[in-house]
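K.L.:
Starting off with a structure, shown below.
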Amino acid sequence: MKRTLSGQAVIPGSDSVMKLYQSKDDCTIVIAGKGELMSTRKHGSEDALGRLPCELLESTEAVNVLIGGLGMGFTLAAVLAATGANSQVVVAELVPEVVEWNKGPLGSYSDYPLNDARTTVYQGDVCDLLRGTDTSYDVIALDVDNGPEAFSSTSNNWLYSPEGIACACARITRDGVLAYWSATPDSGFARQLRKGGLRVSEKSVFAHGSKGTKHTIWLARHLQG
């Protein structure tokens with residue numbers, strides 16, 4: 001299938017280059033020299049990352065949500081669909097061009113969730129938000145890389161370290177949910193979450209439809225929650 005290069009961007013803090021390709025029916029983002037990072041054809045697990053933690057909340061009418069990684073907008077769209085009119089959703093995106101792509105034709109695949117009045121974009125690293133504020137969130141959903149094994153940037157390693165887990169844990173409310181997305185299972189990371197004083201459930205979710213590749217989502221909560 002013929003595809004056209006629609007945009008490219010250097011990931012801040014790295015030498016990696018993201019490229020956005022568009023074909024007749026879909027869009028794909030790849031990391032030059034490494035392969036496909038995400039596609040509009042396969043977003044079932046991104047939808048689940050937004051939906052599943054919200055389903056665990058007692059009420060979703062007025063919740064505060066932080067999303068790490070805009071990607072193609074599907075997790076943001078799922079959170080907005082799962083929460084009420086008085087909710088606030090902050091989405092942190094490190095790469096400025098990704099935000100612009102979502103405002104353009106790419107946004108049509110997720111129904112332009114950046115246009116929702118409940119959405120605020122933080123242009124920068126979600127790690128800085130976690131470290132630099134005292135804001136509490138009912139849900140923190142993190143999809144900034146391929147998972148605990150950094151794919152696009154080694155700077156993301158902090159997010160999956162004991163220090164990063166502790167910082168994220170401190171930012172969720174007593175009954176809140178901390179959710180992580182990963183391209184592959186990782187039993188060691190699940191153990192790290194439990195060592196951090198969290199009770200953890202692991203979900204295996206199809207990337208597309210009901211067959212083929214599965215991705216992993218960890219849902220973590222305070223033990224007393």
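Each chain of the structure tokens is named A, B, ... in the order shown, its residues numbered from 1; ligands are numbered from 1 in display order.
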Check which residues of stretch 114-214 of chain A sit at most 9 Å from stretch 46-50 of chain A using only C-alpha atoms, and return one row each with the closest pair of atoms and their distance in Å to one decimal, ordered by chain and rising number, as CSV.
P.N.:
residue,atom,partner,partner_atom,distance
A:Ala141,CA,A:Leu49,CA,6.6
A:Leu142,CA,A:Leu49,CA,8.2
A:Asp143,CA,A:Glu46,CA,8.3
A:Ala179,CA,A:Leu49,CA,6.9
A:Tyr180,CA,A:Leu49,CA,7.5
A:Trp181,CA,A:Leu49,CA,6.7
A:Val205,CA,A:Ala48,CA,7.5
A:Ala207,CA,A:Glu46,CA,7.9
K.L.:
Dump N, CA and C atoms for the selected residues as a PDB file, in the first residue's frame?
P.N.:
ATOM      1  N   ALA A 141      -2.487   7.669  33.511  1.00  0.00           N
ATOM      2  CA  ALA A 141      -2.325   6.657  32.467  1.00  0.00           C
ATOM      3  C   ALA A 141      -1.064   6.974  31.673  1.00  0.00           C
ATOM      4  N   LEU A 142      -0.112   6.048  31.672  1.00  0.00           N
ATOM      5  CA  LEU A 142       1.208   6.320  31.102  1.00  0.00           C
ATOM      6  C   LEU A 142       1.499   5.412  29.912  1.00  0.00           C
ATOM      7  N   ASP A 143       1.723   6.050  28.784  1.00  0.00           N
ATOM      8  CA  ASP A 143       2.087   5.346  27.548  1.00  0.00           C
ATOM      9  C   ASP A 143       3.074   6.233  26.799  1.00  0.00           C
ATOM     10  N   ALA A 179      -2.036   3.568  35.788  1.00  0.00           N
ATOM     11  CA  ALA A 179      -2.070   2.598  34.695  1.00  0.00           C
ATOM     12  C   ALA A 179      -0.854   2.767  33.789  1.00  0.00           C
ATOM     13  N   TYR A 180      -0.253   1.651  33.422  1.00  0.00           N
ATOM     14  CA  TYR A 180       0.894   1.642  32.518  1.00  0.00           C
ATOM     15  C   TYR A 180       0.585   0.756  31.316  1.00  0.00           C
ATOM     16  N   TRP A 181       1.018   1.204  30.146  1.00  0.00           N
ATOM     17  CA  TRP A 181       0.883   0.422  28.912  1.00  0.00           C
ATOM     18  C   TRP A 181       2.231  -0.147  28.532  1.00  0.00           C
ATOM     19  N   VAL A 205      -4.434  -7.246  26.402  1.00  0.00           N
ATOM     20  CA  VAL A 205      -5.464  -6.672  25.535  1.00  0.00           C
ATOM     21  C   VAL A 205      -5.024  -6.754  24.075  1.00  0.00           C
ATOM     22  N   ALA A 207      -4.326  -5.719  20.394  1.00  0.00           N
ATOM     23  CA  ALA A 207      -4.022  -4.447  19.743  1.00  0.00           C
ATOM     24  C   ALA A 207      -5.113  -4.063  18.747  1.00  0.00           C
TER      25      ALA A 207
END
K.L.:
Would you return as a VMD selection string the members of stretch 71-173 of chain A that DSSP assigns to helix (DSSP H, G or I) on this structure's backbone?
P.N.:
chain A and resid 74 to 82 96 to 103 105 to 110 113 to 115 126 to 132 154 to 160 162 to 171
K.L.:
Could you list, as a ChimeraX atom specification, every residue within 9 Å of A:Arg41, counting only C-alpha atoms and ignoring same-chain residues fewer than 5 positions away?
P.N.:
/A:25-28,207-208
K.L.:
Calculated over only C-alpha atoms, which of the candidates A:Asp175, A:Met18, A:Val65, A:Phe206 has the smallest distance to A:Glu97?
P.N.:
A:Met18
K.L.:
Excluding stretch 80-86 of chain A and any residue of its chain fewer than 3 positions from it, enumerate the residues within 6 Å of it, using only C-alpha atoms, and give them as a count of residues only.
P.N.:
4
K.L.:
Can you measure atom CA of A:Ser201 to atom CA of A:Glu93 for me? One decimal in Å is fine.
P.N.:
26.2 Å
K.L.:
Can you list, as a ChimeraX atom specification, every protein, DNA or RNA residue that comes within 12 Å of A:Pro162 when you count only C-alpha atoms, leaving out same-chain residues fewer than 4 positions away?
P.N.:
/A:148,157-158,166-169,188-198
K.L.:
Could those selected residues go to a file with N, CA and C atoms, as a compact mmCIF listing (two decimals), in the first residue's frame?
P.N.:
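Below you can see out-v5.txt, which holds the result:
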# COMPACT_ATOMS: atom_id res chain seq x y z
N PRO A 148 8.44 -0.74 29.89
CA PRO A 148 9.63 -0.65 30.73
C PRO A 148 10.94 -0.71 29.95
N ASN A 157 13.36 5.83 30.95
CA ASN A 157 13.65 4.78 31.94
C ASN A 157 13.25 5.19 33.35
N TRP A 158 13.40 6.48 33.68
CA TRP A 158 13.09 6.96 35.03
C TRP A 158 11.65 6.63 35.40
N ALA A 166 7.41 5.51 42.64
CA ALA A 166 7.07 6.16 43.91
C ALA A 166 6.50 7.56 43.67
N CYS A 167 7.07 8.26 42.71
CA CYS A 167 6.61 9.61 42.41
C CYS A 167 5.19 9.58 41.83
N ALA A 168 4.94 8.66 40.90
CA ALA A 168 3.61 8.54 40.32
C ALA A 168 2.59 8.09 41.37
N CYS A 169 3.02 7.17 42.22
CA CYS A 169 2.16 6.67 43.29
C CYS A 169 1.72 7.81 44.21
N GLY A 188 8.97 -8.55 35.89
CA GLY A 188 9.83 -7.78 36.78
C GLY A 188 9.24 -6.42 37.10
N PHE A 189 8.61 -5.79 36.13
CA PHE A 189 8.00 -4.49 36.38
C PHE A 189 6.80 -4.62 37.30
N ALA A 190 6.01 -5.65 37.12
CA ALA A 190 4.88 -5.89 38.02
C ALA A 190 5.36 -6.05 39.46
N ARG A 191 6.49 -6.73 39.63
CA ARG A 191 7.06 -6.88 40.98
C ARG A 191 7.51 -5.53 41.54
N GLN A 192 8.06 -4.69 40.68
CA GLN A 192 8.47 -3.35 41.13
C GLN A 192 7.28 -2.55 41.63
N LEU A 193 6.17 -2.65 40.92
CA LEU A 193 4.96 -1.94 41.35
C LEU A 193 4.51 -2.43 42.73
N ARG A 194 4.54 -3.74 42.93
CA ARG A 194 4.11 -4.30 44.22
C ARG A 194 5.08 -3.91 45.33
N LYS A 195 6.36 -3.87 45.02
CA LYS A 195 7.35 -3.42 46.00
C LYS A 195 7.12 -1.96 46.38
N GLY A 196 6.52 -1.21 45.48
CA GLY A 196 6.23 0.19 45.74
C GLY A 196 4.98 0.40 46.58
N GLY A 197 4.40 -0.68 47.09
CA GLY A 197 3.24 -0.58 47.97
C GLY A 197 1.92 -0.50 47.23
N LEU A 198 1.86 -1.06 46.03
CA LEU A 198 0.65 -1.03 45.22
C LEU A 198 0.09 -2.43 45.02
K.L.:
Quick one: of A:Leu5, A:Asp138, A:Ile67, A:Lys19, who's nearest to A:Lys34, counting only C-alpha atoms?
P.N.:
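With only C-alpha atoms as the atom set, the closest residue is A:Lys19.
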K.L.:
Would you mind reading off the distance between atom CA of A:Ala183 and atom CA of A:Thr216, one decimal, in Å?
P.N.:
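Between atom CA of A:Ala183 and atom CA of A:Thr216 the gap works out to 6.2 Å.
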K.L.:
Have a look at atom CA of A:Ser87 and atom CA of A:Asn115 and let me know their distance in Å, one decimal.
P.N.:
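About the pair atom CA of A:Ser87 and atom CA of A:Asn115: they are 14.6 Å apart.
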K.L.:
Could you check which of A:Ile31, A:Asp134, A:Arg221, A:Ala78 is closest to A:Gly44, using only C-alpha atoms?
P.N.:
A:Ala78
K.L.:
Taking the chain letters and numbering used in this document, name the residues of stretch 42-204 of chain A that DSSP puts in strand (DSSP E), as a PyMOL selection string.
P.N.:
chain A and resi 64-68+88-93+119-123+137-142+172-182+198-204
